[in-house]
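So this block is entry-v2.txt, compact mmCIF, C-alpha atoms:
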# COMPACT_ATOMS: atom_id res chain seq x y z
CA MET L 964 -29.86 195.55 -290.11
CA ARG L 965 -33.33 196.39 -288.88
CA LEU L 966 -35.21 193.48 -287.32
CA ASN L 967 -38.92 193.00 -287.01
CA ASN L 968 -40.40 190.88 -284.23
CA PRO L 969 -44.07 190.02 -284.62
CA TYR L 970 -43.75 187.08 -282.21
CA GLY L 971 -42.66 188.34 -278.79
CA LYS L 972 -40.69 185.79 -276.78
CA VAL L 973 -39.98 182.69 -278.85
CA ALA L 974 -39.51 179.22 -277.35
CA PHE L 975 -37.73 176.68 -279.53
CA TYR L 976 -39.05 173.13 -279.69
CA PRO L 977 -36.32 170.99 -281.32
CA GLY L 978 -38.20 167.71 -281.22
CA CYS L 979 -36.60 164.27 -281.37
CA SER L 980 -35.15 164.63 -284.86
CA LEU L 981 -32.97 167.65 -284.21
CA ASP L 982 -31.34 165.84 -281.32
CA GLY L 983 -30.62 162.91 -283.64
CA LEU L 984 -30.21 162.63 -287.40
CA GLY L 985 -31.22 166.27 -287.86
CA LYS L 986 -28.49 167.68 -285.61
CA SER L 987 -26.91 169.58 -288.51
CA TYR L 988 -30.24 171.42 -288.85
CA GLU L 989 -30.20 172.57 -285.22
CA VAL L 990 -26.53 173.60 -285.31
CA SER L 991 -26.79 175.55 -288.58
CA LEU L 992 -30.05 177.20 -287.51
CA ALA L 993 -28.35 178.45 -284.34
CA LEU L 994 -25.48 179.89 -286.42
CA VAL L 995 -27.88 181.72 -288.72
CA ALA L 996 -30.00 183.07 -285.88
CA LYS L 997 -26.93 184.35 -284.03
CA ASP L 998 -25.58 186.07 -287.15
CA LEU L 999 -28.95 187.71 -287.77
CA GLY L 1000 -29.34 188.79 -284.13
CA LEU L 1001 -32.43 186.63 -283.60
CA HIS L 1002 -33.22 185.20 -280.20
CA TYR L 1003 -35.05 182.13 -279.06
CA GLU L 1004 -34.89 179.95 -275.97
CA LYS L 1005 -34.87 176.17 -276.12
CA ILE L 1006 -37.58 174.34 -274.19
CA GLU L 1007 -35.89 172.21 -271.54
CA ASP L 1008 -37.18 168.76 -270.59
CA TYR L 1009 -39.33 168.62 -273.71
CA ASN L 1010 -40.84 165.33 -274.86
CA CYS L 1011 -41.58 163.75 -278.23
CA CYS L 1012 -44.60 165.43 -279.83
CA GLY L 1013 -45.95 162.16 -281.22
CA ALA L 1014 -46.01 163.65 -284.70
CA LEU L 1015 -46.35 160.45 -286.70
CA GLU L 1016 -48.72 157.62 -285.85
CA VAL L 1017 -49.35 158.17 -282.13
CA LYS L 1018 -52.61 159.99 -282.85
CA ASN L 1019 -53.89 156.97 -284.79
CA VAL L 1020 -53.15 154.60 -281.93
CA ASN L 1021 -54.21 156.69 -278.94
CA THR L 1022 -56.12 159.94 -279.47
CA MET L 1023 -55.48 161.35 -276.00
CA ALA L 1024 -51.75 160.57 -276.11
CA GLY L 1025 -51.60 162.29 -279.51
CA LEU L 1026 -52.89 165.46 -277.86
CA LEU L 1027 -51.27 165.17 -274.46
CA LEU L 1028 -47.71 164.80 -275.73
CA PRO L 1029 -47.75 168.13 -277.65
CA ALA L 1030 -49.83 169.81 -274.93
CA ARG L 1031 -47.12 169.20 -272.34
CA ASN L 1032 -44.58 170.95 -274.55
CA LEU L 1033 -46.94 173.88 -275.01
CA SER L 1034 -47.42 174.05 -271.26
CA LEU L 1035 -43.65 174.13 -270.73
CA ALA L 1036 -43.33 176.94 -273.26
CA ARG L 1037 -45.91 179.01 -271.41
CA GLU L 1038 -44.06 178.35 -268.15
CA MET L 1039 -41.09 180.04 -269.84
CA GLY L 1040 -43.25 183.07 -270.60
CA ALA L 1041 -43.19 182.39 -274.34
CA ASP L 1042 -45.59 184.01 -276.79
CA ALA L 1043 -44.70 181.69 -279.68
CA VAL L 1044 -43.23 178.23 -280.19
CA MET L 1045 -40.83 177.71 -283.09
CA SER L 1046 -40.31 174.27 -284.59
CA ALA L 1047 -37.81 173.38 -287.30
CA CYS L 1048 -39.58 170.13 -288.18
CA PRO L 1049 -42.88 170.55 -290.07
CA GLY L 1050 -44.13 167.35 -288.44
CA CYS L 1051 -43.61 168.87 -285.00
CA HIS L 1052 -45.08 172.16 -286.21
CA TYR L 1053 -48.16 170.26 -287.38
CA SER L 1054 -48.48 168.25 -284.16
CA LEU L 1055 -48.25 171.28 -281.87
CA SER L 1056 -50.59 173.32 -284.08
CA ARG L 1057 -53.12 170.48 -284.27
CA THR L 1058 -53.26 170.20 -280.49
CA HIS L 1059 -53.68 173.95 -280.09
CA TYR L 1060 -56.51 173.87 -282.65
CA TYR L 1061 -58.43 171.05 -280.97
CA MET L 1062 -57.97 172.44 -277.47
CA THR L 1063 -59.26 175.80 -278.71
CA LYS L 1064 -62.22 174.38 -280.63
CA TYR L 1065 -63.43 171.84 -278.07
CA PRO L 1066 -63.61 173.17 -274.46
CA LYS L 1067 -64.47 169.78 -272.92
CA LEU L 1068 -61.47 168.20 -274.61
CA ARG L 1069 -59.30 171.06 -273.35
CA GLU L 1070 -60.50 170.42 -269.80
CA LYS L 1071 -59.63 166.74 -270.07
CA VAL L 1072 -56.17 167.37 -271.52
CA ASN L 1073 -55.42 169.97 -268.86
CA MET L 1074 -56.66 167.62 -266.15
CA TYR L 1075 -54.09 165.04 -267.24
CA LEU L 1076 -51.39 167.70 -267.42
CA GLU L 1077 -52.13 168.76 -263.86
CA LYS L 1078 -52.02 165.13 -262.70
CA MET L 1079 -48.54 164.99 -264.22
CA GLY L 1080 -47.51 168.03 -262.23
CA GLU L 1081 -47.67 170.45 -265.16
CA LYS L 1082 -49.82 173.52 -265.60
CA GLY L 1083 -52.75 173.43 -267.98
CA TYR L 1084 -52.20 174.96 -271.40
CA ASP L 1085 -53.90 178.37 -271.66
CA LEU L 1086 -54.05 178.62 -275.50
CA GLN L 1087 -51.87 181.75 -275.58
CA LEU L 1088 -49.23 180.59 -278.07
CA LEU L 1089 -48.64 181.04 -281.78
CA MET L 1090 -46.94 178.13 -283.55
CA ILE L 1091 -44.31 179.10 -286.11
CA HIS L 1092 -41.82 177.28 -288.32
CA ALA L 1093 -38.14 178.22 -288.50
CA VAL L 1094 -38.52 179.37 -292.12
CA GLU L 1095 -41.34 181.73 -291.08
CA PHE L 1096 -39.32 182.95 -288.11
CA ILE L 1097 -36.37 184.06 -290.24
CA TYR L 1098 -38.54 185.38 -293.08
CA ASN L 1099 -40.70 187.54 -290.81
CA THR L 1100 -37.94 188.86 -288.55
CA ALA L 1101 -34.76 189.41 -290.56
CA GLY L 1102 -36.46 189.01 -293.94
CA PRO L 1103 -34.74 188.42 -297.28
CA GLU L 1104 -33.07 191.84 -297.11
CA GLY L 1105 -31.61 191.10 -293.70
CA VAL L 1106 -30.32 187.76 -294.94
CA LYS L 1107 -28.86 189.38 -298.06
CA SER L 1108 -26.99 191.96 -295.99
CA LEU L 1109 -24.92 189.25 -294.26
CA VAL L 1110 -23.87 187.29 -297.34
CA LYS L 1111 -20.10 186.89 -297.55
CA ARG L 1112 -20.10 183.95 -299.94
CA PRO L 1113 -22.71 184.61 -302.65
CA LEU L 1114 -24.11 181.42 -304.13
CA ASN L 1115 -24.65 182.96 -307.55
CA GLY L 1116 -25.55 180.38 -310.16
CA LEU L 1117 -26.33 177.60 -307.70
CA LYS L 1118 -29.56 175.97 -308.90
CA VAL L 1119 -31.71 174.72 -306.04
CA ALA L 1120 -35.13 173.14 -305.61
CA PRO L 1121 -36.74 174.17 -302.30
CA TYR L 1122 -38.67 171.25 -300.84
CA TYR L 1123 -41.11 172.26 -298.08
CA GLY L 1124 -42.88 168.94 -297.63
CA CYS L 1125 -46.58 168.35 -297.08
CA LEU L 1126 -46.93 169.58 -293.47
CA TYR L 1127 -45.10 172.92 -293.55
CA ALA L 1128 -48.14 174.85 -294.78
CA ARG L 1129 -51.02 172.40 -294.43
CA PRO L 1130 -53.64 171.70 -293.22
CA LYS L 1131 -54.20 175.41 -293.12
CA GLN L 1132 -56.84 175.37 -290.38
CA TYR L 1133 -54.14 174.10 -288.02
CA ILE L 1134 -51.11 175.94 -289.41
CA LEU L 1135 -53.05 179.19 -290.15
CA THR L 1136 -51.45 179.62 -293.55
CA GLY L 1137 -53.65 181.87 -295.62
CA TYR L 1138 -55.25 183.31 -292.48
CA MET L 1139 -52.46 185.64 -291.34
CA LYS L 1140 -50.07 187.89 -293.27
CA ILE L 1141 -47.09 186.49 -291.41
CA LYS L 1142 -47.96 182.96 -292.59
CA ASP L 1143 -46.85 181.44 -295.88
CA ASP L 1144 -49.13 180.52 -298.78
CA PRO L 1145 -50.85 177.17 -298.10
CA GLU L 1146 -50.74 176.01 -301.72
CA ARG L 1147 -47.63 177.67 -303.12
CA PRO L 1148 -45.29 178.52 -300.25
CA PHE L 1149 -42.51 180.92 -301.12
CA PHE L 1150 -40.79 182.06 -297.91
CA MET L 1151 -37.87 179.62 -298.29
CA ASP L 1152 -37.60 180.48 -302.00
CA GLU L 1153 -37.03 184.12 -301.10
CA LEU L 1154 -34.44 183.34 -298.41
CA LEU L 1155 -32.50 181.20 -300.88
CA LYS L 1156 -32.66 183.91 -303.54
CA ALA L 1157 -31.31 186.36 -300.95
CA VAL L 1158 -28.04 184.39 -300.71
CA GLY L 1159 -27.73 184.38 -304.51
CA ALA L 1160 -29.10 180.91 -305.33
CA GLU L 1161 -31.27 180.36 -308.39
CA VAL L 1162 -34.58 178.76 -307.40
CA VAL L 1163 -35.77 176.47 -310.17
CA PRO L 1164 -39.47 175.89 -310.93
CA PHE L 1165 -40.51 173.06 -308.65
CA GLU L 1166 -44.09 171.84 -308.61
CA ALA L 1167 -43.24 169.04 -306.17
CA LYS L 1168 -42.31 171.45 -303.38
CA THR L 1169 -45.27 170.45 -301.16
CA MET L 1170 -45.63 166.82 -302.26
CA CYS L 1171 -45.54 164.19 -299.50
CA CYS L 1172 -42.24 162.30 -299.38
CA GLY L 1173 -43.81 159.25 -297.76
CA GLY L 1174 -41.40 159.57 -294.85
CA PRO L 1175 -43.76 158.01 -292.28
CA HIS L 1176 -44.18 155.00 -294.57
CA VAL L 1177 -40.48 154.20 -294.99
CA TYR L 1178 -40.73 151.25 -292.58
CA SER L 1179 -44.37 150.29 -293.05
CA ASP L 1180 -44.63 150.50 -296.85
CA LEU L 1181 -41.30 151.09 -298.56
CA ASP L 1182 -42.77 150.84 -302.06
CA VAL L 1183 -45.05 153.81 -301.44
CA ALA L 1184 -42.22 155.86 -299.93
CA LEU L 1185 -39.80 155.14 -302.77
CA ASN L 1186 -42.41 156.03 -305.39
CA LEU L 1187 -43.19 159.38 -303.77
CA GLU L 1188 -39.53 160.23 -303.19
CA ALA L 1189 -38.60 159.32 -306.77
CA ARG L 1190 -41.23 161.74 -308.10
CA ILE L 1191 -39.80 164.57 -305.99
CA LEU L 1192 -36.22 163.93 -307.08
CA LYS L 1193 -37.21 163.47 -310.71
CA GLU L 1194 -39.04 166.81 -310.75
CA ALA L 1195 -36.03 168.55 -309.19
CA ARG L 1196 -33.66 166.96 -311.71
CA ARG L 1197 -35.97 167.70 -314.65
CA ASN L 1198 -35.88 171.40 -313.82
CA GLY L 1199 -32.11 171.55 -313.54
CA ALA L 1200 -31.64 171.60 -309.77
CA GLU L 1201 -28.16 170.79 -308.50
CA MET L 1202 -29.41 170.11 -305.00
CA LEU L 1203 -32.59 169.77 -303.00
CA VAL L 1204 -32.97 172.22 -300.11
CA VAL L 1205 -35.22 171.04 -297.28
CA ASP L 1206 -36.83 172.41 -294.13
CA CYS L 1207 -37.90 169.00 -292.78
CA PRO L 1208 -35.60 166.50 -291.04
CA LEU L 1209 -37.92 163.56 -291.73
CA GLY L 1210 -38.13 164.34 -295.43
CA GLY L 1211 -34.44 165.12 -295.66
CA VAL L 1212 -33.30 161.87 -294.04
CA ALA L 1213 -35.87 159.76 -295.90
CA LEU L 1214 -34.76 161.13 -299.27
CA GLU L 1215 -31.05 160.87 -298.48
CA THR L 1216 -31.16 157.31 -297.21
CA ASN L 1217 -33.31 155.99 -300.06
CA MET L 1218 -31.51 157.46 -303.09
CA ASN L 1219 -29.58 154.29 -303.87
CA LYS L 1220 -32.73 152.19 -303.49
CA ILE L 1221 -34.58 154.53 -305.87
CA ALA L 1222 -31.80 154.25 -308.46
CA SER L 1223 -31.89 150.46 -308.17
CA ARG L 1224 -35.69 150.20 -308.19
CA TYR L 1225 -36.39 152.50 -311.14
CA GLY L 1226 -33.18 152.19 -313.11
CA GLU L 1227 -32.68 155.95 -313.10
CA ASP L 1228 -30.00 157.75 -311.15
CA LEU L 1229 -31.77 160.64 -309.42
CA ARG L 1230 -29.14 161.11 -306.73
CA MET L 1231 -28.37 164.68 -305.73
CA PRO L 1232 -27.14 166.42 -302.55
CA ILE L 1233 -29.72 167.36 -299.94
CA VAL L 1234 -29.08 170.22 -297.51
CA TYR L 1235 -31.10 172.06 -294.90
CA PHE L 1236 -31.95 175.63 -295.82
CA SER L 1237 -30.18 176.81 -292.66
CA GLN L 1238 -26.97 175.05 -293.71
CA LEU L 1239 -26.97 176.88 -297.01
CA LEU L 1240 -27.61 180.23 -295.30
CA ALA L 1241 -24.83 179.59 -292.78
CA PHE L 1242 -22.43 178.67 -295.60
CA ALA L 1243 -23.36 181.85 -297.50
CA PHE L 1244 -22.79 183.86 -294.30
CA GLY L 1245 -19.18 182.69 -294.35
CA HIS L 1246 -19.25 179.72 -291.99
CA SER L 1247 -17.07 176.78 -292.92
CA PRO L 1248 -18.57 173.49 -294.13
CA ASP L 1249 -17.53 171.94 -290.82
CA GLU L 1250 -19.21 174.68 -288.79
CA ALA L 1251 -22.45 174.31 -290.74
CA LEU L 1252 -22.07 170.50 -290.56
CA LEU L 1253 -22.33 170.26 -294.35
CA THR L 1254 -19.64 167.61 -294.09
CA ALA L 1255 -21.96 165.51 -291.91
CA ASN L 1256 -24.70 165.15 -294.52
CA ILE L 1257 -25.34 161.65 -295.85
CA THR L 1258 -25.16 163.02 -299.39
CA ASN L 1259 -22.10 165.14 -300.10
CA PRO L 1260 -22.97 168.72 -301.09
CA MET L 1261 -19.36 169.90 -301.08
CA GLN L 1262 -18.67 168.53 -304.56
CA ILE L 1263 -20.99 171.28 -305.74
CA LEU L 1264 -20.41 173.93 -303.07
CA LYS L 1265 -16.61 173.81 -303.36
CA ARG L 1266 -16.80 176.20 -306.29
CA PHE L 1267 -17.91 178.89 -303.86
CA MET L 1268 -15.02 178.39 -301.43
Before we go any further, please render this structure as structure tokens.
Amino acid sequence: MRLNNPYGKVAFYPGCSLDGLGKSYEVSLALVAKDLGLHYEKIEDYNCCGALEVKNVNTMAGLLLPARNLSLAREMGADAVMSACPGCHYSLSRTHYYMTKYPKLREKVNMYLEKMGEKGYDLQLLMIHAVEFIYNTAGPEGVKSLVKRPLNGLKVAPYYGCLYARPKQYILTGYMKIKDDPERPFFMDELLKAVGAEVVPFEAKTMCCGGPHVYSDLDVALNLEARILKEARRNGAEMLVVDCPLGGVALETNMNKIASRYGEDLRMPIVYFSQLLAFAFGHSPDEALLTANITNPMQILKRFM
């Protein structure tokens, strides 16, 4: 398999979620990367990126938290920072954008970093998502070449979430060839097709799941999540495939509430795209932590065992 590397040295920022409820994402992503011969180095001593409401409470903290992680990545000699969580990807990209656009703000952020004993961030990083990383290095053909357990006939709805490809001025989607489409992303679709899955039409693929509102306004969250699940079910999906730990956990934990609230059973298994790739590569459900998901995908995936 011939690999392409448009990124140089890649630092991996796992964020809080992949060390918690999204652990199956981190483990399965590592399996896939190893199988494909892809290399990245985890940022040590990283901190929360403040992806959700920090920026609305304290503007400087909302920039300083991601900036410290970017500084640590540069200390490692990284050229790019990979995130698996779109919220983290957004937060890091947003900070890079503002520090690039506003020199006085950059000076202030770097001043605080230096007071903390860190080096100032020099703006020399490209932010990438795990889906982009696999798509632009191994590519669909590289993924296809490693399939030992083809998922032919498995109908999936790829859910990217609202922050994977937007806002494009931060994420750079639409500005670079190695970035996905900001309105109709397709990189994950192609990776899923490469392992034999059938990607159903899914207009809700970039709709907000209301994840940040789960605790502050449950009604809003349930309404948004129900629309996503209903669209997936309407188009014949057997499972929802996600690239976002916040969206994945929010949808999984609220399925019973949605069924009770709207009187319609929209429950379906939810898996990370990396879990499905690892399973197709021949890893066991336990190795890919498919057995750890809140929803049980093995009732469907057992036909491929």
Counting all atoms listed in the file, select every polymer residue within 6 Å of (-32.0, 175.2, -294.0) as defined in the file's coordinates, and provide the selection as a JSON list (two decimals) with C-alpha atoms, in the coordinates of the input.
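Generated file (result01.json):
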[["chain", "number", "residue", "atom", "x", "y", "z"],
["L", 1206, "ASP", "CA", -36.83, 172.41, -294.13],
["L", 1235, "TYR", "CA", -31.10, 172.06, -294.90],
["L", 1236, "PHE", "CA", -31.95, 175.63, -295.82],
["L", 1237, "SER", "CA", -30.18, 176.81, -292.66],
["L", 1238, "GLN", "CA", -26.97, 175.05, -293.71]]
Residues near Leu1028 of chain L, cut-off 8 Å, all atoms listed in the file, skip fewer than 5 positions along chain, as number ranges by chain
L: 1010-1013
Judged by only C-alpha atoms, the minimum distance to Tyr1098 of chain L among L:Val1119, L:Leu1033, L:Leu999, L:Leu1209 is found for L:Leu999
Contacts of Gln1132 of chain L at 12 Å or less, counting only C-alpha atoms, minus same-chain residues fewer than 4 places along, as a list in words?
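Selected residues are Tyr1053, Ser1056, Arg1057, Thr1058, His1059, Tyr1060, Tyr1061, Thr1063, Lys1064, Leu1126, Ala1128, Thr1136, Gly1137, Tyr1138, Met1139, Lys1142 and Pro1145 of chain L.
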Residues within 9 Å of His1002 of chain L, please, as a PyMOL selection string. Count only C-alpha atoms; anything in the same chain fewer than 6 positions from it doesn't count.
chain L and resi 972-973+996
Around the point (-33.8, 176.7, -309.1) in the file's coordinates, collect all residues with an atom within 12 Å, using all atoms listed in the file, and return them as an MDAnalysis selection string.
chainID L and resid 1114:1122 1151:1153 1155:1156 1159:1166 1168 1194:1204
Which distance in Å separates atom CA of Ser1223 of chain L and atom CA of Leu1192 of chain L, to one decimal?
14.2 Å
Let me make sure I understand: among L:Met1268, L:Leu981, L:Ile1006, L:Met1090, which one has the smallest atom-to-atom distance to Phe1242 of chain L if we use all atoms listed in the file?
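Nearest to Phe1242 of chain L: L:Met1268.
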Polymer residues at most 12 Å from Cys979 of chain L, all atoms listed in the file, same-chain spacing of 3 or more positions, as an mmCIF file with C-alpha atoms, in the coordinates of the input:
data_model
loop_
_atom_site.group_PDB
_atom_site.id
_atom_site.type_symbol
_atom_site.label_atom_id
_atom_site.label_comp_id
_atom_site.auth_asym_id
_atom_site.auth_seq_id
_atom_site.Cartn_x
_atom_site.Cartn_y
_atom_site.Cartn_z
ATOM 1 C CA TYR L 976 -39.050 173.130 -279.690
ATOM 2 C CA ASP L 982 -31.340 165.840 -281.320
ATOM 3 C CA GLY L 983 -30.620 162.910 -283.640
ATOM 4 C CA LEU L 984 -30.210 162.630 -287.400
ATOM 5 C CA GLY L 985 -31.220 166.270 -287.860
ATOM 6 C CA LYS L 986 -28.490 167.680 -285.610
ATOM 7 C CA GLU L 989 -30.200 172.570 -285.220
ATOM 8 C CA ASP L 1008 -37.180 168.760 -270.590
ATOM 9 C CA TYR L 1009 -39.330 168.620 -273.710
ATOM 10 C CA ASN L 1010 -40.840 165.330 -274.860
ATOM 11 C CA CYS L 1011 -41.580 163.750 -278.230
ATOM 12 C CA CYS L 1012 -44.600 165.430 -279.830
ATOM 13 C CA GLY L 1013 -45.950 162.160 -281.220
ATOM 14 C CA ALA L 1014 -46.010 163.650 -284.700
ATOM 15 C CA LEU L 1015 -46.350 160.450 -286.700
ATOM 16 C CA SER L 1046 -40.310 174.270 -284.590
ATOM 17 C CA ALA L 1047 -37.810 173.380 -287.300
ATOM 18 C CA CYS L 1048 -39.580 170.130 -288.180
ATOM 19 C CA GLY L 1050 -44.130 167.350 -288.440
ATOM 20 C CA CYS L 1051 -43.610 168.870 -285.000
ATOM 21 C CA PRO L 1208 -35.600 166.500 -291.040
ATOM 22 C CA LEU L 1209 -37.920 163.560 -291.730
#
